[in-house]
$ cat start00.txt   # compact mmCIF, N, CA and C atoms
# COMPACT_ATOMS: atom_id res chain seq x y z
N ASP A 1 11.08 30.38 35.61
CA ASP A 1 11.03 31.16 34.38
C ASP A 1 10.57 30.24 33.26
N SER A 2 9.36 30.40 32.76
CA SER A 2 8.80 29.51 31.75
C SER A 2 9.48 29.65 30.40
N ALA A 3 10.15 30.79 30.13
CA ALA A 3 10.85 30.94 28.86
C ALA A 3 12.09 30.05 28.81
N HIS A 4 12.65 29.72 29.97
CA HIS A 4 13.83 28.87 30.04
C HIS A 4 13.62 27.76 31.06
N PRO A 5 12.76 26.78 30.70
CA PRO A 5 12.51 25.70 31.65
C PRO A 5 13.77 24.87 31.88
N VAL A 6 13.82 24.23 33.01
CA VAL A 6 14.95 23.38 33.36
C VAL A 6 14.48 21.94 33.22
N GLY A 7 15.12 21.19 32.34
CA GLY A 7 14.69 19.81 32.23
C GLY A 7 15.17 19.12 30.98
N LEU A 8 14.42 18.11 30.62
CA LEU A 8 14.73 17.22 29.52
C LEU A 8 13.67 17.40 28.43
N LEU A 9 14.11 17.61 27.20
CA LEU A 9 13.20 17.73 26.07
C LEU A 9 13.20 16.40 25.32
N LEU A 10 12.03 15.90 25.03
CA LEU A 10 11.87 14.64 24.31
C LEU A 10 11.14 14.91 23.01
N PHE A 11 11.77 14.55 21.88
CA PHE A 11 11.12 14.69 20.57
C PHE A 11 11.14 13.35 19.86
N GLY A 12 9.98 13.00 19.29
CA GLY A 12 9.88 11.83 18.43
C GLY A 12 10.02 10.51 19.18
N ARG A 13 9.49 9.47 18.53
CA ARG A 13 9.56 8.12 19.10
C ARG A 13 8.80 7.18 18.18
N ILE A 14 8.89 5.92 18.49
CA ILE A 14 8.08 4.92 17.82
C ILE A 14 7.17 4.34 18.90
N ASP A 15 5.88 4.32 18.64
CA ASP A 15 4.95 3.86 19.68
C ASP A 15 4.75 2.35 19.60
N GLY A 16 3.92 1.82 20.47
CA GLY A 16 3.69 0.39 20.56
C GLY A 16 3.04 -0.22 19.33
N ARG A 17 2.47 0.59 18.45
CA ARG A 17 1.85 0.11 17.21
C ARG A 17 2.80 0.22 16.03
N GLY A 18 4.02 0.72 16.27
CA GLY A 18 4.99 0.87 15.19
C GLY A 18 4.86 2.18 14.43
N SER A 19 4.12 3.13 14.96
CA SER A 19 3.96 4.44 14.32
C SER A 19 5.09 5.37 14.76
N PHE A 20 5.62 6.12 13.81
CA PHE A 20 6.69 7.08 14.09
C PHE A 20 6.04 8.42 14.41
N LEU A 21 6.32 8.96 15.60
CA LEU A 21 5.65 10.16 16.08
C LEU A 21 6.59 11.36 16.10
N ASN A 22 6.00 12.56 16.05
CA ASN A 22 6.77 13.81 16.09
C ASN A 22 6.31 14.72 17.22
N ASP A 23 5.85 14.12 18.31
CA ASP A 23 5.41 14.91 19.45
C ASP A 23 6.63 15.46 20.22
N VAL A 24 6.41 16.51 21.01
CA VAL A 24 7.46 17.13 21.80
C VAL A 24 6.98 17.22 23.25
N TRP A 25 7.81 16.73 24.16
CA TRP A 25 7.50 16.72 25.59
C TRP A 25 8.63 17.39 26.36
N LEU A 26 8.30 17.97 27.51
CA LEU A 26 9.29 18.55 28.40
C LEU A 26 9.11 17.96 29.79
N PHE A 27 10.19 17.43 30.36
CA PHE A 27 10.19 16.98 31.74
C PHE A 27 10.89 18.06 32.56
N ASP A 28 10.14 18.70 33.45
CA ASP A 28 10.69 19.77 34.28
C ASP A 28 11.33 19.14 35.51
N THR A 29 12.65 19.30 35.64
CA THR A 29 13.35 18.66 36.76
C THR A 29 13.08 19.33 38.09
N ARG A 30 12.54 20.54 38.08
CA ARG A 30 12.20 21.20 39.35
C ARG A 30 10.91 20.65 39.93
N THR A 31 9.94 20.32 39.04
CA THR A 31 8.63 19.87 39.50
C THR A 31 8.40 18.37 39.30
N ALA A 32 9.31 17.70 38.58
CA ALA A 32 9.18 16.28 38.23
C ALA A 32 7.88 16.01 37.47
N ALA A 33 7.52 16.96 36.59
CA ALA A 33 6.27 16.83 35.83
C ALA A 33 6.55 16.88 34.33
N TRP A 34 5.82 16.05 33.58
CA TRP A 34 5.89 16.07 32.11
C TRP A 34 4.83 17.02 31.57
N THR A 35 5.18 17.77 30.52
CA THR A 35 4.24 18.64 29.81
C THR A 35 4.38 18.38 28.32
N MET A 36 3.26 18.14 27.64
CA MET A 36 3.30 17.99 26.19
C MET A 36 3.35 19.39 25.58
N LEU A 37 4.43 19.69 24.87
CA LEU A 37 4.56 21.00 24.22
C LEU A 37 3.89 21.02 22.86
N LEU A 38 4.02 19.92 22.10
CA LEU A 38 3.35 19.79 20.80
C LEU A 38 2.89 18.35 20.64
N PRO A 39 1.62 18.13 20.32
CA PRO A 39 1.15 16.77 20.11
C PRO A 39 1.63 16.25 18.75
N HIS A 40 1.56 14.94 18.57
CA HIS A 40 1.88 14.34 17.27
C HIS A 40 0.88 14.83 16.24
N THR A 41 1.39 15.13 15.05
CA THR A 41 0.51 15.46 13.93
C THR A 41 1.02 14.76 12.70
N ALA A 42 0.10 14.29 11.88
CA ALA A 42 0.49 13.79 10.57
C ALA A 42 0.95 15.02 9.78
N GLN A 43 1.84 14.83 8.84
CA GLN A 43 2.34 15.97 8.09
C GLN A 43 1.19 16.61 7.32
N ALA A 44 0.99 17.88 7.57
CA ALA A 44 -0.10 18.62 6.93
C ALA A 44 0.40 20.01 6.56
N ALA A 45 -0.27 21.04 7.03
CA ALA A 45 0.05 22.41 6.65
C ALA A 45 1.47 22.83 7.03
N ASP A 46 1.99 22.31 8.15
CA ASP A 46 3.32 22.74 8.58
C ASP A 46 4.42 21.75 8.18
N ALA A 47 4.17 20.91 7.16
CA ALA A 47 5.12 19.87 6.77
C ALA A 47 6.47 20.42 6.35
N SER A 48 6.52 21.66 5.86
CA SER A 48 7.80 22.22 5.42
C SER A 48 8.68 22.58 6.60
N VAL A 49 8.11 22.69 7.81
CA VAL A 49 8.88 23.07 8.97
C VAL A 49 8.94 21.96 10.01
N ARG A 50 7.81 21.43 10.38
CA ARG A 50 7.78 20.42 11.44
C ARG A 50 8.39 19.11 10.96
N PRO A 51 9.29 18.52 11.74
CA PRO A 51 9.94 17.28 11.30
C PRO A 51 8.97 16.11 11.20
N ASP A 52 9.32 15.18 10.32
CA ASP A 52 8.59 13.92 10.26
C ASP A 52 8.83 13.16 11.55
N GLY A 53 7.88 12.30 11.92
CA GLY A 53 8.08 11.43 13.06
C GLY A 53 9.31 10.57 12.84
N ARG A 54 10.08 10.33 13.90
CA ARG A 54 11.34 9.59 13.76
C ARG A 54 11.85 9.14 15.11
N PHE A 55 12.90 8.33 15.07
CA PHE A 55 13.66 8.00 16.27
C PHE A 55 15.11 7.81 15.85
N GLY A 56 16.01 7.72 16.83
CA GLY A 56 17.42 7.51 16.54
C GLY A 56 18.15 8.75 16.07
N HIS A 57 17.54 9.91 16.20
CA HIS A 57 18.19 11.17 15.83
C HIS A 57 19.07 11.65 16.99
N SER A 58 19.84 12.69 16.75
CA SER A 58 20.64 13.29 17.81
C SER A 58 20.13 14.69 18.08
N ALA A 59 20.48 15.21 19.24
CA ALA A 59 20.05 16.56 19.62
C ALA A 59 21.12 17.22 20.49
N ILE A 60 21.26 18.52 20.30
CA ILE A 60 22.14 19.32 21.14
C ILE A 60 21.38 20.58 21.55
N THR A 61 21.83 21.23 22.61
CA THR A 61 21.25 22.51 22.97
C THR A 61 22.03 23.63 22.28
N HIS A 62 21.35 24.75 22.12
CA HIS A 62 21.94 25.91 21.47
C HIS A 62 21.30 27.15 22.06
N ASN A 63 21.95 28.29 21.95
CA ASN A 63 21.40 29.56 22.45
C ASN A 63 20.99 29.46 23.92
N SER A 64 21.96 29.15 24.76
CA SER A 64 21.74 29.07 26.21
C SER A 64 20.63 28.09 26.58
N SER A 65 20.53 27.00 25.87
CA SER A 65 19.59 25.90 26.14
C SER A 65 18.13 26.23 25.86
N SER A 66 17.85 27.37 25.25
CA SER A 66 16.46 27.68 24.92
C SER A 66 16.08 27.13 23.56
N GLU A 67 17.02 26.52 22.88
CA GLU A 67 16.80 25.97 21.55
C GLU A 67 17.49 24.61 21.48
N VAL A 68 16.82 23.65 20.85
CA VAL A 68 17.38 22.32 20.67
C VAL A 68 17.49 22.07 19.17
N VAL A 69 18.66 21.60 18.74
CA VAL A 69 18.92 21.30 17.33
C VAL A 69 18.95 19.79 17.17
N ILE A 70 18.21 19.27 16.18
CA ILE A 70 18.22 17.84 15.91
C ILE A 70 18.82 17.57 14.54
N PHE A 71 19.41 16.38 14.41
CA PHE A 71 19.97 15.93 13.14
C PHE A 71 19.60 14.47 12.94
N GLY A 72 19.22 14.14 11.69
CA GLY A 72 19.07 12.76 11.27
C GLY A 72 17.93 12.00 11.90
N GLY A 73 18.11 10.68 11.99
CA GLY A 73 17.09 9.80 12.50
C GLY A 73 16.55 8.89 11.40
N VAL A 74 15.58 8.08 11.78
CA VAL A 74 14.99 7.14 10.84
C VAL A 74 13.49 7.08 11.06
N THR A 75 12.76 6.79 9.99
CA THR A 75 11.32 6.61 10.03
C THR A 75 10.98 5.37 9.21
N ASP A 76 9.73 5.17 8.92
CA ASP A 76 9.30 4.06 8.09
C ASP A 76 10.10 4.07 6.79
N GLU A 77 10.72 2.94 6.45
CA GLU A 77 11.57 2.88 5.27
C GLU A 77 10.82 3.17 3.98
N ALA A 78 9.49 3.08 3.99
CA ALA A 78 8.71 3.39 2.80
C ALA A 78 8.67 4.89 2.53
N VAL A 79 9.10 5.71 3.50
CA VAL A 79 9.07 7.17 3.35
C VAL A 79 10.48 7.64 2.99
N ASP A 80 10.73 7.95 1.72
CA ASP A 80 12.03 8.47 1.27
C ASP A 80 13.21 7.63 1.75
N GLY A 81 13.08 6.32 1.76
CA GLY A 81 14.17 5.45 2.18
C GLY A 81 14.31 5.32 3.68
N GLY A 82 13.61 6.14 4.43
CA GLY A 82 13.57 6.02 5.87
C GLY A 82 14.61 6.77 6.66
N PHE A 83 15.74 7.14 6.06
CA PHE A 83 16.82 7.80 6.80
C PHE A 83 16.83 9.30 6.52
N PHE A 84 17.21 10.08 7.53
CA PHE A 84 17.25 11.54 7.39
C PHE A 84 18.67 12.07 7.62
N ASN A 85 18.96 13.22 6.99
CA ASN A 85 20.15 13.99 7.32
C ASN A 85 19.79 15.47 7.41
N ASP A 86 18.58 15.74 7.82
CA ASP A 86 18.11 17.12 7.94
C ASP A 86 18.52 17.71 9.29
N VAL A 87 18.53 19.04 9.34
CA VAL A 87 18.87 19.78 10.56
C VAL A 87 17.72 20.73 10.86
N LEU A 88 17.14 20.58 12.04
CA LEU A 88 16.05 21.44 12.47
C LEU A 88 16.30 21.90 13.89
N SER A 89 15.73 23.04 14.25
CA SER A 89 15.84 23.49 15.64
C SER A 89 14.44 23.77 16.18
N PHE A 90 14.30 23.55 17.48
CA PHE A 90 13.04 23.77 18.18
C PHE A 90 13.28 24.79 19.27
N SER A 91 12.51 25.87 19.25
CA SER A 91 12.58 26.89 20.29
C SER A 91 11.61 26.51 21.40
N VAL A 92 12.14 26.31 22.59
CA VAL A 92 11.30 25.94 23.72
C VAL A 92 10.35 27.09 24.06
N GLY A 93 10.84 28.33 23.97
CA GLY A 93 10.03 29.49 24.33
C GLY A 93 8.84 29.71 23.41
N THR A 94 9.06 29.58 22.08
CA THR A 94 7.98 29.84 21.13
C THR A 94 7.26 28.58 20.67
N ARG A 95 7.86 27.41 20.97
CA ARG A 95 7.33 26.12 20.52
C ARG A 95 7.22 26.05 19.00
N GLN A 96 8.22 26.60 18.34
CA GLN A 96 8.26 26.62 16.88
C GLN A 96 9.49 25.89 16.36
N TRP A 97 9.33 25.21 15.23
CA TRP A 97 10.43 24.54 14.54
C TRP A 97 10.99 25.44 13.45
N THR A 98 12.27 25.32 13.19
CA THR A 98 12.94 25.99 12.06
C THR A 98 13.74 24.93 11.32
N ARG A 99 13.54 24.85 10.01
CA ARG A 99 14.32 23.93 9.17
C ARG A 99 15.50 24.72 8.62
N HIS A 100 16.71 24.16 8.79
CA HIS A 100 17.91 24.87 8.36
C HIS A 100 18.40 24.36 7.01
N LYS A 101 18.76 25.29 6.13
CA LYS A 101 19.38 24.95 4.85
C LYS A 101 20.88 24.97 5.08
N CYS A 102 21.51 23.84 4.89
CA CYS A 102 22.94 23.72 5.16
C CYS A 102 23.73 23.87 3.86
N SER A 103 24.92 24.41 3.98
CA SER A 103 25.78 24.56 2.81
C SER A 103 26.96 23.59 2.94
N GLY A 104 27.61 23.35 1.82
CA GLY A 104 28.76 22.44 1.83
C GLY A 104 28.33 20.99 1.88
N ALA A 105 29.30 20.11 2.08
CA ALA A 105 29.03 18.67 2.15
C ALA A 105 28.30 18.36 3.45
N SER A 106 27.29 17.50 3.37
CA SER A 106 26.51 17.10 4.55
C SER A 106 26.80 15.64 4.88
N PRO A 107 26.69 15.27 6.16
CA PRO A 107 26.82 13.85 6.51
C PRO A 107 25.71 13.05 5.81
N SER A 108 25.98 11.80 5.50
CA SER A 108 24.96 10.97 4.88
C SER A 108 23.82 10.73 5.87
N PRO A 109 22.62 10.44 5.36
CA PRO A 109 21.49 10.16 6.26
C PRO A 109 21.83 9.00 7.18
N ARG A 110 21.42 9.11 8.47
CA ARG A 110 21.78 8.10 9.46
C ARG A 110 20.90 8.17 10.69
N TYR A 111 20.98 7.13 11.51
CA TYR A 111 20.33 7.12 12.82
C TYR A 111 21.22 6.37 13.80
N GLY A 112 20.93 6.52 15.09
CA GLY A 112 21.71 5.82 16.11
C GLY A 112 23.10 6.38 16.29
N HIS A 113 23.32 7.59 15.86
CA HIS A 113 24.62 8.25 15.98
C HIS A 113 24.67 9.09 17.26
N ALA A 114 25.81 9.69 17.49
CA ALA A 114 25.98 10.61 18.62
C ALA A 114 26.33 11.99 18.07
N ALA A 115 26.05 13.01 18.86
CA ALA A 115 26.41 14.38 18.46
C ALA A 115 26.77 15.17 19.70
N CYS A 116 27.58 16.19 19.50
CA CYS A 116 27.91 17.11 20.59
C CYS A 116 28.08 18.51 20.00
N ARG A 117 28.02 19.48 20.88
CA ARG A 117 28.22 20.86 20.48
C ARG A 117 29.56 21.33 21.02
N VAL A 118 30.33 21.98 20.15
CA VAL A 118 31.56 22.64 20.55
C VAL A 118 31.47 24.05 19.99
N ALA A 119 31.43 25.04 20.89
CA ALA A 119 31.22 26.44 20.50
C ALA A 119 29.92 26.52 19.70
N GLU A 120 29.97 26.95 18.47
CA GLU A 120 28.76 27.09 17.65
C GLU A 120 28.61 25.99 16.62
N SER A 121 29.32 24.89 16.78
CA SER A 121 29.29 23.80 15.80
C SER A 121 28.71 22.53 16.42
N MET A 122 28.05 21.74 15.57
CA MET A 122 27.51 20.44 15.95
C MET A 122 28.36 19.38 15.27
N TYR A 123 28.90 18.45 16.06
CA TYR A 123 29.70 17.36 15.52
C TYR A 123 28.90 16.08 15.62
N VAL A 124 28.88 15.29 14.52
CA VAL A 124 28.12 14.06 14.44
C VAL A 124 29.10 12.90 14.30
N PHE A 125 28.87 11.83 15.07
CA PHE A 125 29.76 10.68 15.08
C PHE A 125 29.00 9.39 14.82
N GLY A 126 29.49 8.56 13.91
CA GLY A 126 28.99 7.20 13.73
C GLY A 126 27.55 7.09 13.27
N GLY A 127 26.90 6.02 13.71
CA GLY A 127 25.52 5.77 13.36
C GLY A 127 25.36 4.69 12.31
N ARG A 128 24.11 4.35 12.03
CA ARG A 128 23.77 3.37 11.00
C ARG A 128 23.19 4.10 9.81
N MET A 129 23.60 3.65 8.62
CA MET A 129 23.15 4.27 7.38
C MET A 129 22.48 3.22 6.51
N THR A 130 22.03 3.62 5.36
CA THR A 130 21.41 2.67 4.45
C THR A 130 22.38 1.52 4.20
N GLY A 131 21.88 0.33 4.09
CA GLY A 131 22.73 -0.84 3.92
C GLY A 131 23.23 -1.39 5.23
N GLY A 132 22.81 -0.82 6.37
CA GLY A 132 23.16 -1.34 7.68
C GLY A 132 24.55 -0.98 8.16
N VAL A 133 25.25 -0.11 7.45
CA VAL A 133 26.62 0.27 7.84
C VAL A 133 26.59 1.37 8.87

$ encode --input "start00.txt" --output "structure tokens"
Amino acid sequence: DSAHPVGLLLFGRIDGRGSFLNDVWLFDTRTAAWTMLLPHTAQAADASVRPDGRFGHSAITHNSSSEVVIFGGVTDEAVDGGFFNDVLSFSVGTRQWTRHKCSGASPSPRYGHAACRVAESMYVFGGRMTGGV
């Protein structure tokens, strides 16, 4: 069922040249094959939705694993200080990003943290923030 692939979703990375990428890949555990779902793009027309290239973010599944939610991460420090505390979701079926507007107090921008899902909530633990803490 292509709407609900079985596997590992990979978003973002830093390449061998030090560039922060925002590509999306899927590793299908049934076929042992990688598929690029979205190539890396510099921020352009879809900058309000598609996340900046980054690494060190966290991700959880949502909506029966057909959607992946990411939080935080880090990019080039010259870009808005380099740390993120944004929340976005990626629909595997539609290959579309959604940027979420959060209410209430938000965790400080960070990377290298852990996250888990409990019921309909995402819990974020630890990580490194500005100043190396």

$ closest_residue --input "start00.txt" --among "A:Leu88, A:Val74, A:Leu26, A:Ala32" --to "Leu10 (chain A)" --atoms "all atoms listed in the file"
A:Leu26

$ atom_distance --input "start00.txt" --atom1 "atom C of Ser66 (chain A)" --atom2 "atom N of Ser89 (chain A)"
10.2 Å

$ atom_distance --input "start00.txt" --atom1 "atom C of Ala33 (chain A)" --atom2 "atom C of Gly72 (chain A)"
25.6 Å

$ closest_residue --input "start00.txt" --among "A:Phe90, A:Trp34, A:Phe83, A:Phe20" --to "Ile60 (chain A)" --atoms "only C-alpha atoms"
A:Phe90

$ residues_around --input "start00.txt" --residues "Gly126 (chain A)" --least-positions-apart "4" --cutoff "8 Å" --atoms "only N, CA and C atoms" --output "JSON, numbers by chain"
{"A": [110, 111, 112, 113, 114, 115, 133]}

$ select_by_dssp --input "start00.txt" --residues "region 22-129 of chain A" --states "strand (DSSP E or B)" --output "PyMOL selection string"
chain A and resi 22-28+33-38+55+58-62+67-74+83-91+96-99+111+114-118+121-125+128

$ closest_residue --input "start00.txt" --among "A:Phe27, A:Tyr123, A:Phe71, A:Trp97" --to "Leu8 (chain A)" --atoms "only C-alpha atoms"
A:Phe27

$ build_atoms --input "start00.txt" --residues "region 120-131 of chain A" --atoms "all heavy atoms" --output "PDB file, in the coordinates of the input"
ATOM      1  N   GLU A 120      29.970  26.950  18.470  1.00  0.00           N
ATOM      2  CA  GLU A 120      28.760  27.090  17.650  1.00  0.00           C
ATOM      3  C   GLU A 120      28.610  25.990  16.620  1.00  0.00           C
ATOM      4  O   GLU A 120      27.866  26.138  15.662  1.00  0.00           O
ATOM      5  CB  GLU A 120      28.757  28.466  16.960  1.00  0.00           C
ATOM      6  CG  GLU A 120      28.681  29.628  17.932  1.00  0.00           C
ATOM      7  CD  GLU A 120      27.421  29.586  18.786  1.00  0.00           C
ATOM      8  OE1 GLU A 120      26.312  29.431  18.236  1.00  0.00           O
ATOM      9  OE2 GLU A 120      27.552  29.701  20.022  1.00  0.00           O
ATOM     10  N   SER A 121      29.320  24.890  16.780  1.00  0.00           N
ATOM     11  CA  SER A 121      29.290  23.800  15.800  1.00  0.00           C
ATOM     12  C   SER A 121      28.710  22.530  16.420  1.00  0.00           C
ATOM     13  O   SER A 121      28.886  22.258  17.599  1.00  0.00           O
ATOM     14  CB  SER A 121      30.705  23.488  15.300  1.00  0.00           C
ATOM     15  OG  SER A 121      31.234  24.603  14.614  1.00  0.00           O
ATOM     16  N   MET A 122      28.050  21.740  15.570  1.00  0.00           N
ATOM     17  CA  MET A 122      27.510  20.440  15.950  1.00  0.00           C
ATOM     18  C   MET A 122      28.360  19.380  15.270  1.00  0.00           C
ATOM     19  O   MET A 122      28.522  19.412  14.050  1.00  0.00           O
ATOM     20  CB  MET A 122      26.052  20.305  15.497  1.00  0.00           C
ATOM     21  CG  MET A 122      25.402  18.988  15.824  1.00  0.00           C
ATOM     22  SD  MET A 122      23.684  18.980  15.240  1.00  0.00           S
ATOM     23  CE  MET A 122      23.034  17.559  16.081  1.00  0.00           C
ATOM     24  N   TYR A 123      28.900  18.450  16.060  1.00  0.00           N
ATOM     25  CA  TYR A 123      29.700  17.360  15.520  1.00  0.00           C
ATOM     26  C   TYR A 123      28.900  16.080  15.620  1.00  0.00           C
ATOM     27  O   TYR A 123      28.308  15.795  16.662  1.00  0.00           O
ATOM     28  CB  TYR A 123      31.012  17.225  16.303  1.00  0.00           C
ATOM     29  CG  TYR A 123      31.961  18.386  16.043  1.00  0.00           C
ATOM     30  CD1 TYR A 123      31.864  19.551  16.801  1.00  0.00           C
ATOM     31  CD2 TYR A 123      32.912  18.303  15.054  1.00  0.00           C
ATOM     32  CE1 TYR A 123      32.714  20.619  16.549  1.00  0.00           C
ATOM     33  CE2 TYR A 123      33.779  19.371  14.807  1.00  0.00           C
ATOM     34  CZ  TYR A 123      33.669  20.522  15.558  1.00  0.00           C
ATOM     35  OH  TYR A 123      34.504  21.569  15.312  1.00  0.00           O
ATOM     36  N   VAL A 124      28.880  15.290  14.520  1.00  0.00           N
ATOM     37  CA  VAL A 124      28.120  14.060  14.440  1.00  0.00           C
ATOM     38  C   VAL A 124      29.100  12.900  14.300  1.00  0.00           C
ATOM     39  O   VAL A 124      30.041  12.975  13.498  1.00  0.00           O
ATOM     40  CB  VAL A 124      27.145  14.088  13.228  1.00  0.00           C
ATOM     41  CG1 VAL A 124      26.431  12.774  13.054  1.00  0.00           C
ATOM     42  CG2 VAL A 124      26.148  15.233  13.393  1.00  0.00           C
ATOM     43  N   PHE A 125      28.870  11.830  15.070  1.00  0.00           N
ATOM     44  CA  PHE A 125      29.760  10.680  15.080  1.00  0.00           C
ATOM     45  C   PHE A 125      29.000   9.390  14.820  1.00  0.00           C
ATOM     46  O   PHE A 125      27.979   9.148  15.458  1.00  0.00           O
ATOM     47  CB  PHE A 125      30.426  10.503  16.458  1.00  0.00           C
ATOM     48  CG  PHE A 125      31.135  11.731  16.941  1.00  0.00           C
ATOM     49  CD1 PHE A 125      30.466  12.655  17.721  1.00  0.00           C
ATOM     50  CD2 PHE A 125      32.460  11.958  16.620  1.00  0.00           C
ATOM     51  CE1 PHE A 125      31.116  13.792  18.194  1.00  0.00           C
ATOM     52  CE2 PHE A 125      33.114  13.081  17.074  1.00  0.00           C
ATOM     53  CZ  PHE A 125      32.441  14.003  17.855  1.00  0.00           C
ATOM     54  N   GLY A 126      29.490   8.560  13.910  1.00  0.00           N
ATOM     55  CA  GLY A 126      28.990   7.200  13.730  1.00  0.00           C
ATOM     56  C   GLY A 126      27.550   7.090  13.270  1.00  0.00           C
ATOM     57  O   GLY A 126      27.055   7.943  12.541  1.00  0.00           O
ATOM     58  N   GLY A 127      26.900   6.020  13.710  1.00  0.00           N
ATOM     59  CA  GLY A 127      25.520   5.770  13.360  1.00  0.00           C
ATOM     60  C   GLY A 127      25.360   4.690  12.310  1.00  0.00           C
ATOM     61  O   GLY A 127      26.338   4.180  11.759  1.00  0.00           O
ATOM     62  N   ARG A 128      24.110   4.350  12.030  1.00  0.00           N
ATOM     63  CA  ARG A 128      23.770   3.370  11.000  1.00  0.00           C
ATOM     64  C   ARG A 128      23.190   4.100   9.810  1.00  0.00           C
ATOM     65  O   ARG A 128      22.400   5.017   9.957  1.00  0.00           O
ATOM     66  CB  ARG A 128      22.782   2.358  11.534  1.00  0.00           C
ATOM     67  CG  ARG A 128      23.385   1.487  12.632  1.00  0.00           C
ATOM     68  CD  ARG A 128      22.429   0.405  13.075  1.00  0.00           C
ATOM     69  NE  ARG A 128      22.110  -0.513  12.005  1.00  0.00           N
ATOM     70  CZ  ARG A 128      22.738  -1.673  11.789  1.00  0.00           C
ATOM     71  NH1 ARG A 128      23.722  -2.039  12.552  1.00  0.00           N
ATOM     72  NH2 ARG A 128      22.354  -2.455  10.808  1.00  0.00           N
ATOM     73  N   MET A 129      23.600   3.650   8.620  1.00  0.00           N
ATOM     74  CA  MET A 129      23.150   4.270   7.380  1.00  0.00           C
ATOM     75  C   MET A 129      22.480   3.220   6.510  1.00  0.00           C
ATOM     76  O   MET A 129      22.393   2.061   6.905  1.00  0.00           O
ATOM     77  CB  MET A 129      24.351   4.894   6.675  1.00  0.00           C
ATOM     78  CG  MET A 129      24.957   6.028   7.487  1.00  0.00           C
ATOM     79  SD  MET A 129      26.581   6.488   6.898  1.00  0.00           S
ATOM     80  CE  MET A 129      27.601   5.641   8.088  1.00  0.00           C
ATOM     81  N   THR A 130      22.030   3.620   5.360  1.00  0.00           N
ATOM     82  CA  THR A 130      21.410   2.670   4.450  1.00  0.00           C
ATOM     83  C   THR A 130      22.380   1.520   4.200  1.00  0.00           C
ATOM     84  O   THR A 130      23.592   1.713   4.182  1.00  0.00           O
ATOM     85  CB  THR A 130      21.035   3.326   3.113  1.00  0.00           C
ATOM     86  OG1 THR A 130      22.202   3.898   2.545  1.00  0.00           O
ATOM     87  CG2 THR A 130      19.974   4.374   3.287  1.00  0.00           C
ATOM     88  N   GLY A 131      21.880   0.330   4.090  1.00  0.00           N
ATOM     89  CA  GLY A 131      22.730  -0.840   3.920  1.00  0.00           C
ATOM     90  C   GLY A 131      23.230  -1.390   5.230  1.00  0.00           C
ATOM     91  O   GLY A 131      24.036  -2.319   5.246  1.00  0.00           O
TER      92      GLY A 131
END
